[in-house]
Amino acid sequence: MVPTFFKMIVTTLLLILLSSVLDASESVRSALKSNAQLLYNIKQKDVQSIKEMFKKGEIYSRLRSNNFYYAYATPDLSHKTQFVSAIGASFVYKSASLNGFDFNIALYGSQAYFNASRLGDIKYLKASKDLLSRYKYANGGSTSLFAFGQANLRYKLSKTRLTIGRQLVESFYAKSNDTKMIPNTFDGVVLQTKDIPHTYLSLAYLTKQKLRDHEKSHSVLMYGDSNSTSGVNRAQWTQNDDSAMHKGLTYTALKAAGKPTDAPLILVDLKNDSISNLSQNYSSYLVPELLAQVMAEFNYKIKFDGFSLSPGVRYIQQFDNGAGAVGGASINLKGLSGYKNQNSLNSSMLGFRLVTRFDKFKINLAYTGVANKSDLVTPWRAFATNGYTRSMGVYNWRANVKSYRLELVYGANSKGIYKDGFIQTSVLYMNGDSAKDETDSMLYYLGYIKNLKSAPEFQYRVRLGYREFIGTSNTISSYLDSRFELDYLF
């Protein structure tokens with residue numbers, strides 16, 4: 001049964017959508033970029049009183065629909081073909097600025113629809129799992145999801161901003177990744193500055209995370225079990241259950257090893273362009289007493305008449321500080337016999353790419369390879385291979401896996417309005433390590449984004465991916481991942 005309150009919200013928003021489309025304007029209050037980040041186009045007002053701070057704030061609303069058809073070539077007992085649909089809405093309030101202070105509050109909601117009897121166990125949900133809370137469904141049958149995604153206080157001085165509270169974080173190791181219905185958010189403190197010439201610096205101390213299919217915040221690096229949340233079904237879904245989470249770092253295992261179950265995530269991001277045509281990026285994360293990573297990336301732009309070439313290299317080093325002894329080298333606890341040291345998470349990754357740009361086109365030829373040591377641990381909705389070999393949720397984080405991708409993009413822009421369409425297509429080959437139960441595969445991907453010319457506030461997205469598992473080690477069914485999304489921003 002759909003909650004009455006939610007029906008009222010959706011009905012109201014549909015009426016607003018209809019009236020706005022009939023009387024469309026070229027100006028937009030907010031826009032949605034191809035990477036799912038929102039742009040707010042109304043300039044924040046500076047005010048002189050607390051009353052005006054509230055009164056002259058702005059409300060940004062969003063109505064969205066997500067639809068997923070996930071089909072296996074040969075369904076079996078552990079793989080179920082599925083169709084899942086959802087409608088959702090979000091309301092973001094941004095206050096005016098008083099002496100450099102302002103605040104943000106955001107409420108998100110989603111209502112999912114699917115054939116429960118045909119699907120069977122809710123664990124079989126794949127790409128569509130973030131349309132609802134699997135934990136709530138397993139403990140009461142609810143298919144709705146509501147969350148305060150943002151509640152923070154900010155202070156800005158010159159080009160430096162401090163944000164305290166629940167917030168969206170956009171860094172190399174942690175992102176909002178708002179591609180479903182509710183973004184990935186964090187509780188903590190973030191300091192960002194551009195006051196240093198040619199440099200962007202961000203420092204973050206994050207105490208809690210709230211994944212996209214969670215209503216409550218949870219540990220940044222702990223996998224739930226019956227001891228962390230007793231007396232419930234599927235306790236593993238109460239903590240960090242992201243697909244890239246290390247499933248061996250459970251509450252029970254961490255406690256037994258004397259490790260913290262609520263350790264913070266500490267992030268540093270630095271970007272510098274002081275050298276002409278050279279982009280330098282450095283990032284690191286630290287989860288005290290458990291794990292750390294550092295990343296360095298360099299991209300050099302070579303300009304020609306009518307086009308440019310940008311060779312790039314990315315290197316990641318992972319440092320084990322006790323997490324390997326607790327959970328082991330494999331983050332999904334599979335293929336353990338294939339790891340040289342089953343109790344170490346020391347590892348690294350190397351990536352190369354060559355990006356060619358001309359007119360409205362971009363061609364990206366890239367490679368990434370994880371060292372034959374341990375898997376990479378980055379479960380905060382940012383991906384080590386993003387911009388290189390990540391395509392439609394397929395990315396390599398397992399030891400000794402190598403990826404090769406050719407990508408073609410048309411129509412990219414920084415404004416988030418794609419009146420002439422945005423096209424992204426790619427072919428990805430992943431060379432798995434059979435010793436670790438990894439199968440070689442090909443992924444063929446096509447994505448299309450379009451804003452209506454008569455109503456640029458309205459955007460639709462189509463994404464299609466077909467993954468074919470190949471080679472003598474093939475025991476996995478190939479599958480089709482298809483998605484259709486509608487967004488209306490007002």
# chains A, B, ... in the order shown; residues from 1 in each chain; ligands from 1
$ residues_around --residues "Phe383 in chain A" --least-positions-apart "4" --cutoff "8 Å" --atoms "only C-alpha atoms" --output "list in words"
Phe172, Tyr173, Thr378, Arg390 and Tyr395 of chain A
$ residues_around --residues "Asn431 in chain A" --least-positions-apart "3" --cutoff "8 Å" --atoms "only C-alpha atoms" --output "MDAnalysis selection string"
chainID A and resid 401:403 439:441
$ write_last_selection --atoms "C-alpha atoms" --output "mmCIF file, in the first residue's frame"
data_model
loop_
_atom_site.group_PDB
_atom_site.id
_atom_site.type_symbol
_atom_site.label_atom_id
_atom_site.label_comp_id
_atom_site.auth_asym_id
_atom_site.auth_seq_id
_atom_site.Cartn_x
_atom_site.Cartn_y
_atom_site.Cartn_z
ATOM 1 C CA VAL A 401 42.250 -8.060 -12.748
ATOM 2 C CA LYS A 402 43.059 -5.980 -15.831
ATOM 3 C CA SER A 403 40.577 -3.837 -17.784
ATOM 4 C CA THR A 439 35.736 -14.726 -15.267
ATOM 5 C CA ASP A 440 36.750 -12.756 -18.370
ATOM 6 C CA SER A 441 33.969 -10.575 -19.749
#
$ closest_residue --among "A:Tyr282, A:Tyr418, A:Tyr60, A:Phe469" --to "Gly432 in chain A" --atoms "only C-alpha atoms"
A:Phe469
$ atom_distance --atom1 "CA of Ile59 in chain A" --atom2 "CA of Ser454 in chain A"
23.0 Å
$ residues_around --residues "Ala371 in chain A" --least-positions-apart "6" --cutoff "10 Å" --atoms "only C-alpha atoms" --output "PyMOL selection string"
chain A and resi 317+346-350+397-402
$ write_last_selection --atoms "C-alpha atoms" --output "PDB file, in the first residue's frame"
ATOM      1  CA  GLN A 317      48.785   2.492  -3.308  1.00  0.00           C
ATOM      2  CA  ASN A 346      48.653  -4.183   0.843  1.00  0.00           C
ATOM      3  CA  SER A 347      48.075  -3.586  -2.860  1.00  0.00           C
ATOM      4  CA  SER A 348      48.223  -1.078  -5.716  1.00  0.00           C
ATOM      5  CA  MET A 349      46.647  -0.107  -9.038  1.00  0.00           C
ATOM      6  CA  LEU A 350      48.061   1.466 -12.187  1.00  0.00           C
ATOM      7  CA  TRP A 397      38.827  -3.824  -7.679  1.00  0.00           C
ATOM      8  CA  ARG A 398      40.007  -7.439  -7.414  1.00  0.00           C
ATOM      9  CA  ALA A 399      43.655  -8.439  -7.369  1.00  0.00           C
ATOM     10  CA  ASN A 400      45.255  -9.278 -10.728  1.00  0.00           C
ATOM     11  CA  VAL A 401      42.250  -8.060 -12.748  1.00  0.00           C
ATOM     12  CA  LYS A 402      43.059  -5.980 -15.831  1.00  0.00           C
TER      13      LYS A 402
END
$ residues_around --residues "Tyr445 in chain A" --least-positions-apart "6" --cutoff "9 Å" --atoms "only C-alpha atoms" --output "PyMOL selection string"
chain A and resi 391-392+424-428+463-467
$ select_by_dssp --residues "range 225-427 of chain A" --states "alpha helix (DSSP H)" --output "ChimeraX atom specification"
/A:251-256,323-327
$ residues_around --residues "Asn332 in chain A" --least-positions-apart "3" --cutoff "8 Å" --atoms "only C-alpha atoms" --output "list in words"
Met245, His246, Lys247 and Gly248 of chain A
$ residues_around --residues "range 266-273 of chain A" --least-positions-apart "4" --cutoff "12 Å" --atoms "only C-alpha atoms" --output "PyMOL selection string"
chain A and resi 169-175+186-194+196-208+220-221+277-288+291-301+380
$ write_last_selection --atoms "C-alpha atoms" --output "tab-separated table (two decimals), in the first residue's frame"
chain	number	residue	atom	x	y	z
A	169	VAL	CA	30.70	14.83	-0.47
A	170	GLU	CA	32.29	14.96	-3.91
A	171	SER	CA	35.89	13.77	-3.74
A	172	PHE	CA	38.03	11.09	-5.34
A	173	TYR	CA	37.22	8.49	-2.68
A	174	ALA	CA	33.67	9.50	-1.66
A	175	LYS	CA	30.79	10.72	-3.82
A	186	PHE	CA	28.06	11.56	5.09
A	187	ASP	CA	28.02	13.04	8.59
A	188	GLY	CA	31.10	15.07	9.45
A	189	VAL	CA	33.17	18.15	8.69
A	190	VAL	CA	34.51	19.22	5.28
A	191	LEU	CA	36.86	22.14	4.59
A	192	GLN	CA	37.32	23.28	0.99
A	193	THR	CA	39.49	26.14	-0.26
A	194	LYS	CA	40.62	27.76	-3.52
A	196	ILE	CA	45.84	28.96	-2.70
A	197	PRO	CA	46.75	30.04	-6.26
A	198	HIS	CA	46.09	27.38	-8.94
A	199	THR	CA	45.06	24.94	-6.21
A	200	TYR	CA	41.93	23.29	-4.85
A	201	LEU	CA	42.26	21.65	-1.43
A	202	SER	CA	39.64	19.66	0.46
A	203	LEU	CA	39.94	18.09	3.91
A	204	ALA	CA	37.18	15.88	5.34
A	205	TYR	CA	36.58	14.12	8.64
A	206	LEU	CA	33.55	11.86	8.19
A	207	THR	CA	32.16	9.95	11.15
A	208	LYS	CA	29.16	8.26	9.54
A	220	VAL	CA	31.99	3.91	7.18
A	221	LEU	CA	33.93	0.62	7.25
A	277	ASN	CA	48.49	22.19	-19.65
A	278	LEU	CA	49.29	19.82	-16.76
A	279	SER	CA	46.55	18.75	-14.36
A	280	GLN	CA	47.78	17.23	-11.08
A	281	ASN	CA	45.47	15.37	-8.70
A	282	TYR	CA	46.38	13.89	-5.33
A	283	SER	CA	44.01	12.13	-2.95
A	284	SER	CA	44.19	9.94	0.11
A	285	TYR	CA	41.95	8.26	2.63
A	286	LEU	CA	42.61	6.97	6.11
A	287	VAL	CA	40.44	4.79	8.31
A	288	PRO	CA	42.50	4.75	11.54
A	291	LEU	CA	43.37	0.88	6.14
A	292	ALA	CA	44.66	3.74	3.98
A	293	GLN	CA	45.15	4.63	0.31
A	294	VAL	CA	46.95	7.33	-1.64
A	295	MET	CA	46.34	8.31	-5.26
A	296	ALA	CA	48.34	10.44	-7.70
A	297	GLU	CA	47.16	11.30	-11.20
A	298	PHE	CA	48.65	13.42	-13.97
A	299	ASN	CA	46.99	14.51	-17.23
A	300	TYR	CA	48.84	16.58	-19.83
A	301	LYS	CA	46.92	18.36	-22.60
A	380	TRP	CA	32.03	5.04	-0.52
$ atom_distance --atom1 "CA of Ile302 in chain A" --atom2 "CA of Lys362 in chain A"
14.2 Å
$ closest_residue --among "A:Gly231, A:Gly140, A:Gly322, A:Gly312" --to "Arg353 in chain A" --atoms "only C-alpha atoms"
A:Gly312
$ select_by_dssp --residues "range 56-153 of chain A" --states "strand (DSSP E or B)" --output "PyMOL selection string"
chain A and resi 58-72+76+79+82-94+97-98+101-114+144-153
$ residues_around --residues "Asn233 in chain A" --least-positions-apart "4" --cutoff "10 Å" --atoms "only C-alpha atoms" --output "list in words"
Tyr135, Lys136, Tyr137, Ala138, Asn139, Gly140, Asp225, Ser226, Thr229, Trp237 and Thr238 of chain A
$ write_last_selection --atoms "N, CA and C atoms" --output "short mmCIF file (atom, residue, chain, number, x, y, z; two decimals), in the first residue's frame"
data_model
loop_
_atom_site.label_atom_id
_atom_site.label_comp_id
_atom_site.auth_asym_id
_atom_site.auth_seq_id
_atom_site.Cartn_x
_atom_site.Cartn_y
_atom_site.Cartn_z
N TYR A 135 16.61 -3.81 3.79
CA TYR A 135 16.49 -4.11 5.22
C TYR A 135 15.05 -3.89 5.69
N LYS A 136 14.45 -2.75 5.31
CA LYS A 136 13.06 -2.48 5.71
C LYS A 136 12.12 -3.52 5.11
N TYR A 137 12.38 -3.92 3.87
CA TYR A 137 11.53 -4.90 3.22
C TYR A 137 11.63 -6.25 3.93
N ALA A 138 12.84 -6.65 4.30
CA ALA A 138 13.04 -7.94 4.98
C ALA A 138 12.48 -7.94 6.39
N ASN A 139 12.25 -6.75 6.95
CA ASN A 139 11.76 -6.64 8.32
C ASN A 139 10.44 -5.88 8.40
N GLY A 140 9.53 -6.20 7.48
CA GLY A 140 8.23 -5.56 7.52
C GLY A 140 7.56 -5.41 6.17
N ASP A 225 26.44 -7.66 11.21
CA ASP A 225 26.14 -9.06 11.48
C ASP A 225 25.17 -9.14 12.65
N SER A 226 24.86 -10.35 13.09
CA SER A 226 23.84 -10.54 14.12
C SER A 226 24.23 -9.94 15.46
N THR A 229 23.51 -5.89 15.13
CA THR A 229 22.08 -5.59 15.19
C THR A 229 21.35 -6.90 15.40
N TRP A 237 22.58 -5.80 6.28
CA TRP A 237 22.12 -4.64 5.54
C TRP A 237 21.93 -3.41 6.42
N THR A 238 22.33 -3.48 7.67
CA THR A 238 22.19 -2.32 8.56
C THR A 238 23.43 -1.44 8.56
#
$ closest_residue --among "A:Lys255, A:Arg461, A:Lys123, A:Arg314" --to "Asn227 in chain A" --atoms "only C-alpha atoms"
A:Lys255
$ atom_distance --atom1 "CA of Met53 in chain A" --atom2 "CA of Ala96 in chain A"
4.6 Å
$ closest_residue --among "A:Tyr113, A:Phe54, A:Phe103, A:Tyr388" --to "Ser85 in chain A" --atoms "only C-alpha atoms"
A:Tyr113
$ decode --residues "range 51-70 of chain A" --atoms "C-alpha atoms" --output "short mmCIF file (atom, residue, chain, number, x, y, z; two decimals), in the first residue's frame"
data_model
loop_
_atom_site.label_atom_id
_atom_site.label_comp_id
_atom_site.auth_asym_id
_atom_site.auth_seq_id
_atom_site.Cartn_x
_atom_site.Cartn_y
_atom_site.Cartn_z
CA LYS A 51 14.60 36.26 9.56
CA GLU A 52 15.74 37.15 6.04
CA MET A 53 18.12 34.20 6.08
CA PHE A 54 15.09 31.90 6.18
CA LYS A 55 12.71 34.07 4.15
CA LYS A 56 15.03 34.62 1.19
CA GLY A 57 16.24 31.06 0.92
CA GLU A 58 15.43 28.86 -2.07
CA ILE A 59 13.59 25.54 -2.34
CA TYR A 60 14.73 23.25 -5.16
CA SER A 61 12.39 20.37 -5.95
CA ARG A 62 12.82 17.28 -8.05
CA LEU A 63 10.41 14.67 -9.33
CA ARG A 64 11.97 11.52 -10.72
CA SER A 65 11.17 8.06 -11.99
CA ASN A 66 13.61 5.17 -12.33
CA ASN A 67 12.89 1.92 -14.15
CA PHE A 68 15.15 -1.14 -14.37
CA TYR A 69 14.92 -4.28 -16.46
CA TYR A 70 17.67 -6.74 -15.54
#
